[in-house]
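Colleague: The following block contains the structure, expressed as structure tokens.
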Amino acid sequence: MEEIRLIEVKESIMSDNDATAEKLRAKLRDKKTFLINVMASPGAGKTSTILKTIEALKDEIRINVIEADIDSVVDSEKISAAGVLAVQLRTGGFCHLDAGMVQQGLDALDTDTLDLVIIENVGNLVCPAEFDTGAIKNIMILSVPEGDDKPLKYPLMFSVCDVLIINKMDYIGLSDFDIKALRERALKLKSDIKIFEISCKTGMGIDEWADWLRQQVKTFTR
């Protein structure tokens, strides 16, 4: 019997993707286009947060959005209704975006005229954390109804993100969500992660988040 050959497919895929992501980041730096990758569970408020961000920044920062879903164009329609161009990536079963997919989305945009591109990744806390999209910053949204134990269950997601947005703070009084515990767990995984508490319903914390992003974009595009 011939010896079995073992091929580490995932390792090869990851390596190729990382190289593509670095090339993409270099292009974005040359164009001075700031790219953020927004990740979260379905229903955590990705689209709502992006819409609030657009509302806060669109008069001073040129923004486009890349939307990713297994199917449908529902979120792209919401972004377009807010007056911002959205490109829809239909993944056809893939539970994440990688750098090659993002490059296809960027090719459909005029990045020479943009300051900020926001990726809304496919909704889940596992696969998107494993693939570098070429983004300058990774953003994670966790909603209060999901619970404060998510850093224990999905440590990689919290480890790869530069920003944690805790959304739906208007529910905090109706739950046993422990903000202090959540912060301690997140900071244990990444000591320099930025944490913002917001409510897309009431507008709480949106200005603080938008101010941080505004400064990041302006510093990057100088």
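Just so we're on the same page: first chain in the structure tokens is A, next is B, and so on; residues restart at 1 for each chain, and ligands are numbered from 1 in the order they show up.
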If we count only C-alpha atoms and set the cut-off at 9 Å, which residues sit around A:Thr47, ignoring sequence neighbours fewer than 5 positions away in its own chain? Please answer as a PyMOL selection string.

Modeller: chain A and resi 52+75+78-79+120

Colleague: Which polymer residues have any atom within 8 Å of an atom of stretch 125-127 of chain A, counting only C-alpha atoms, with same-chain residues fewer than 4 positions away left out, as a list in words?

Modeller: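 So the residues in contact are Met39, Ala40, Ser41, Cys95, His96, Phe131, Tyr154, Leu156 and Met157 of chain A.
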
Colleague: For those residues, write N, CA and C atoms to a file as a PDB file, in the first residue's frame.

Modeller:
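Wrote it out as part26.pdb, contents follow:
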ATOM      1  N   MET A  39     -17.582  42.925  12.076  1.00  0.00           N
ATOM      2  CA  MET A  39     -17.991  41.537  12.285  1.00  0.00           C
ATOM      3  C   MET A  39     -18.905  41.438  13.494  1.00  0.00           C
ATOM      4  N   ALA A  40     -19.846  40.498  13.446  1.00  0.00           N
ATOM      5  CA  ALA A  40     -20.785  40.305  14.553  1.00  0.00           C
ATOM      6  C   ALA A  40     -21.697  39.131  14.234  1.00  0.00           C
ATOM      7  N   SER A  41     -22.457  38.717  15.238  1.00  0.00           N
ATOM      8  CA  SER A  41     -23.488  37.702  15.029  1.00  0.00           C
ATOM      9  C   SER A  41     -24.657  38.308  14.260  1.00  0.00           C
ATOM     10  N   CYS A  95     -19.218  31.382   4.726  1.00  0.00           N
ATOM     11  CA  CYS A  95     -19.622  32.044   5.969  1.00  0.00           C
ATOM     12  C   CYS A  95     -18.676  33.168   6.355  1.00  0.00           C
ATOM     13  N   HIS A  96     -17.866  33.656   5.409  1.00  0.00           N
ATOM     14  CA  HIS A  96     -16.900  34.699   5.718  1.00  0.00           C
ATOM     15  C   HIS A  96     -16.470  35.393   4.431  1.00  0.00           C
ATOM     16  N   PHE A 131     -10.056  34.901   8.822  1.00  0.00           N
ATOM     17  CA  PHE A 131      -9.577  35.355   7.519  1.00  0.00           C
ATOM     18  C   PHE A 131      -9.286  36.852   7.518  1.00  0.00           C
ATOM     19  N   TYR A 154     -15.839  32.605  22.115  1.00  0.00           N
ATOM     20  CA  TYR A 154     -15.272  32.942  20.814  1.00  0.00           C
ATOM     21  C   TYR A 154     -14.019  33.817  20.996  1.00  0.00           C
ATOM     22  N   LEU A 156     -11.054  33.936  19.662  1.00  0.00           N
ATOM     23  CA  LEU A 156     -10.317  34.428  18.498  1.00  0.00           C
ATOM     24  C   LEU A 156     -10.912  35.728  17.978  1.00  0.00           C
ATOM     25  N   MET A 157     -12.240  35.810  17.916  1.00  0.00           N
ATOM     26  CA  MET A 157     -12.887  37.024  17.421  1.00  0.00           C
ATOM     27  C   MET A 157     -12.454  38.241  18.221  1.00  0.00           C
TER      28      MET A 157
END

Colleague: Can you pull out the residues contacting A:Asn64? Cut-off 12 Å, using only C-alpha atoms, and skip same-chain residues under 2 positions away; I want them as a ChimeraX atom specification.

Modeller: /A:33-36,50-51,53-54,57-58,61-62,66-67,76,79-80,82-88,105-106,108-120

Colleague: Excluding same-chain residues fewer than 3 positions from A:Met140, what lies within 9 Å of it counting only C-alpha atoms, as a ChimeraX atom specification?

Modeller: /A:37-40,46,157-158,161-166

Colleague: A:Ile198, A:Leu189, A:Val144, A:Asp71: which is nearest A:Leu174, counting only C-alpha atoms?

Modeller: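 Smallest separation from A:Leu174 among the options: A:Val144.
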
Colleague: Compare A:Glu60, A:Asp176, A:Glu146, A:Asp30 by their minimum atom-to-atom distance to A:Phe220, counting only C-alpha atoms, and give me the closest one.

Modeller: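 Counting only C-alpha atoms, the residue closest to A:Phe220 is A:Asp30.
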
Colleague: Among stretch 70-185 of chain A, which ones does DSSP place in strand (DSSP E), written as a list of chain:residue names?

Modeller: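 Checking each residue of stretch 70-185 of chain A, the strand (DSSP E) ones are A:Ala86, A:Val87, A:Gln88, A:Leu89, A:Arg90, A:Leu116, A:Val117, A:Ile118, A:Ile119, A:Glu120, A:Lys137, A:Asn138, A:Ile139, A:Met140, A:Ile141, A:Leu142, A:Ser143, A:Val163, A:Leu164, A:Ile165, A:Ile166, A:Asn167.
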
Colleague: Which distance in Å separates atom CA of A:Leu89 and atom CA of A:Ile63, to one decimal?

Modeller: 17.2 Å

Colleague: Compile the contact shell of A:Gly92 as a list in words: residues with an atom at most 12 Å away, counting only C-alpha atoms, same-chain residues fewer than 5 positions apart removed.

Modeller: Ala68, Asp69, Ile70, Asp71, Ser72, Leu97, Met101 and Val122 of chain A

Colleague: Would you mind exporting the chosen residues as a PDB file, in the first residue's frame, restricted to C-alpha atoms?

Modeller:
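Listing of selection_5.pdb after writing:
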ATOM      1  CA  ALA A  68     -21.593  40.515   2.412  1.00  0.00           C
ATOM      2  CA  ASP A  69     -24.375  37.980   2.802  1.00  0.00           C
ATOM      3  CA  ILE A  70     -24.924  34.375   1.854  1.00  0.00           C
ATOM      4  CA  ASP A  71     -27.992  35.620  -0.012  1.00  0.00           C
ATOM      5  CA  SER A  72     -30.230  38.702  -0.435  1.00  0.00           C
ATOM      6  CA  LEU A  97     -15.080  37.133   3.459  1.00  0.00           C
ATOM      7  CA  MET A 101     -13.480  38.661  -2.115  1.00  0.00           C
ATOM      8  CA  VAL A 122     -21.109  37.713   7.025  1.00  0.00           C
TER       9      VAL A 122
END

Colleague: What does the distance from atom CA of A:Gly134 to atom CA of A:Ala44 come to in Å, to one decimal?

Modeller: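 Atom CA of A:Ala44 lies at a distance of 23.0 Å from atom CA of A:Gly134.
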
Colleague: Can you list every residue in stretch 9-216 of chain A that DSSP puts in alpha helix (DSSP H), as a PyMOL selection string?

Modeller: chain A and resi 9-31+46-57+74-81+99-107+127-130+150-153+155-160+179-189+206-216

Colleague: Determine, counting only C-alpha atoms, which protein, DNA and RNA residues have an atom within 7 Å of an atom of A:Asp148; residues of the same chain fewer than 5 positions away are not included. Present the result as a list in words.

Modeller: Phe177, Asp178, Ala181 and Leu182 of chain A

Colleague: With distances taken over only C-alpha atoms, which residue among A:Thr221, A:Gln215, A:Ser159, A:Ser143 lies nearest A:Ile172?

Modeller: A:Ser143

Colleague: Could you check the closest approach to A:Asn124 for each of A:Thr20, A:Ile136, A:Asp107, A:Lys150 and tell me which residue wins, using only C-alpha atoms?

Modeller: A:Lys150

Colleague: May I have the residues within 9 Å of A:Tyr171 as a VMD selection string, using only C-alpha atoms and disregarding those fewer than 2 positions away in the same chain?

Modeller: chain A and resid 144 to 145 168 to 169 173 to 175 199

Colleague: Output all heavy atoms for every residue in that selection, as a PDB file, in the first residue's frame.

Modeller:
ATOM      1  N   VAL A 144     -26.065  43.440  23.765  1.00  0.00           N
ATOM      2  CA  VAL A 144     -26.374  43.052  25.147  1.00  0.00           C
ATOM      3  C   VAL A 144     -27.181  41.755  25.221  1.00  0.00           C
ATOM      4  O   VAL A 144     -26.877  40.886  26.049  1.00  0.00           O
ATOM      5  CB  VAL A 144     -27.095  44.212  25.875  1.00  0.00           C
ATOM      6  CG1 VAL A 144     -27.692  43.738  27.192  1.00  0.00           C
ATOM      7  CG2 VAL A 144     -26.117  45.367  26.110  1.00  0.00           C
ATOM      8  N   PRO A 145     -28.215  41.551  24.379  1.00  0.00           N
ATOM      9  CA  PRO A 145     -28.987  40.314  24.488  1.00  0.00           C
ATOM     10  C   PRO A 145     -28.182  39.035  24.251  1.00  0.00           C
ATOM     11  O   PRO A 145     -28.606  37.952  24.657  1.00  0.00           O
ATOM     12  CB  PRO A 145     -30.066  40.481  23.401  1.00  0.00           C
ATOM     13  CG  PRO A 145     -30.228  41.953  23.260  1.00  0.00           C
ATOM     14  CD  PRO A 145     -28.843  42.499  23.436  1.00  0.00           C
ATOM     15  N   LYS A 168     -26.927  47.904  21.752  1.00  0.00           N
ATOM     16  CA  LYS A 168     -28.208  47.666  22.425  1.00  0.00           C
ATOM     17  C   LYS A 168     -28.101  47.861  23.941  1.00  0.00           C
ATOM     18  O   LYS A 168     -28.661  47.112  24.736  1.00  0.00           O
ATOM     19  CB  LYS A 168     -28.752  46.272  22.086  1.00  0.00           C
ATOM     20  CG  LYS A 168     -28.909  46.052  20.576  1.00  0.00           C
ATOM     21  CD  LYS A 168     -29.619  44.763  20.235  1.00  0.00           C
ATOM     22  CE  LYS A 168     -29.703  44.583  18.715  1.00  0.00           C
ATOM     23  NZ  LYS A 168     -30.405  43.351  18.313  1.00  0.00           N
ATOM     24  N   MET A 169     -27.380  48.916  24.305  1.00  0.00           N
ATOM     25  CA  MET A 169     -27.243  49.249  25.725  1.00  0.00           C
ATOM     26  C   MET A 169     -28.577  49.647  26.339  1.00  0.00           C
ATOM     27  O   MET A 169     -28.717  49.658  27.568  1.00  0.00           O
ATOM     28  CB  MET A 169     -26.220  50.369  25.898  1.00  0.00           C
ATOM     29  CG  MET A 169     -24.766  49.923  25.730  1.00  0.00           C
ATOM     30  SD  MET A 169     -24.241  48.742  26.998  1.00  0.00           S
ATOM     31  CE  MET A 169     -24.339  49.750  28.475  1.00  0.00           C
ATOM     32  N   GLY A 173     -30.827  47.327  31.368  1.00  0.00           N
ATOM     33  CA  GLY A 173     -31.629  47.240  32.586  1.00  0.00           C
ATOM     34  C   GLY A 173     -32.594  46.075  32.609  1.00  0.00           C
ATOM     35  O   GLY A 173     -33.159  45.747  33.662  1.00  0.00           O
ATOM     36  N   LEU A 174     -32.756  45.425  31.450  1.00  0.00           N
ATOM     37  CA  LEU A 174     -33.679  44.296  31.350  1.00  0.00           C
ATOM     38  C   LEU A 174     -32.953  42.960  31.325  1.00  0.00           C
ATOM     39  O   LEU A 174     -33.579  41.920  31.128  1.00  0.00           O
ATOM     40  CB  LEU A 174     -34.519  44.427  30.071  1.00  0.00           C
ATOM     41  CG  LEU A 174     -35.319  45.724  29.918  1.00  0.00           C
ATOM     42  CD1 LEU A 174     -35.963  45.781  28.542  1.00  0.00           C
ATOM     43  CD2 LEU A 174     -36.369  45.836  31.014  1.00  0.00           C
ATOM     44  N   SER A 175     -31.630  42.989  31.530  1.00  0.00           N
ATOM     45  CA  SER A 175     -30.843  41.766  31.428  1.00  0.00           C
ATOM     46  C   SER A 175     -29.890  41.646  32.613  1.00  0.00           C
ATOM     47  O   SER A 175     -29.769  42.552  33.436  1.00  0.00           O
ATOM     48  CB  SER A 175     -30.034  41.771  30.129  1.00  0.00           C
ATOM     49  OG  SER A 175     -28.950  42.681  30.232  1.00  0.00           O
ATOM     50  N   SER A 199     -26.059  52.581  21.742  1.00  0.00           N
ATOM     51  CA  SER A 199     -27.414  52.114  21.436  1.00  0.00           C
ATOM     52  C   SER A 199     -27.842  52.770  20.134  1.00  0.00           C
ATOM     53  O   SER A 199     -27.951  54.001  20.068  1.00  0.00           O
ATOM     54  CB  SER A 199     -28.405  52.492  22.554  1.00  0.00           C
ATOM     55  OG  SER A 199     -29.740  52.293  22.116  1.00  0.00           O
TER      56      SER A 199
END

Colleague: Between atom CA of A:Asp18 and atom CA of A:Gly123, what is the distance, to one decimal in Å?

Modeller: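 Computing it gives 21.3 Å between the two atoms.
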
Colleague: Would you please work out which residue, of A:Ala56, A:Ser48, A:Leu152, A:Val74, is nearest to A:Leu187 when using only C-alpha atoms?

Modeller: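 Result for the nearest residue to A:Leu187: A:Leu152.
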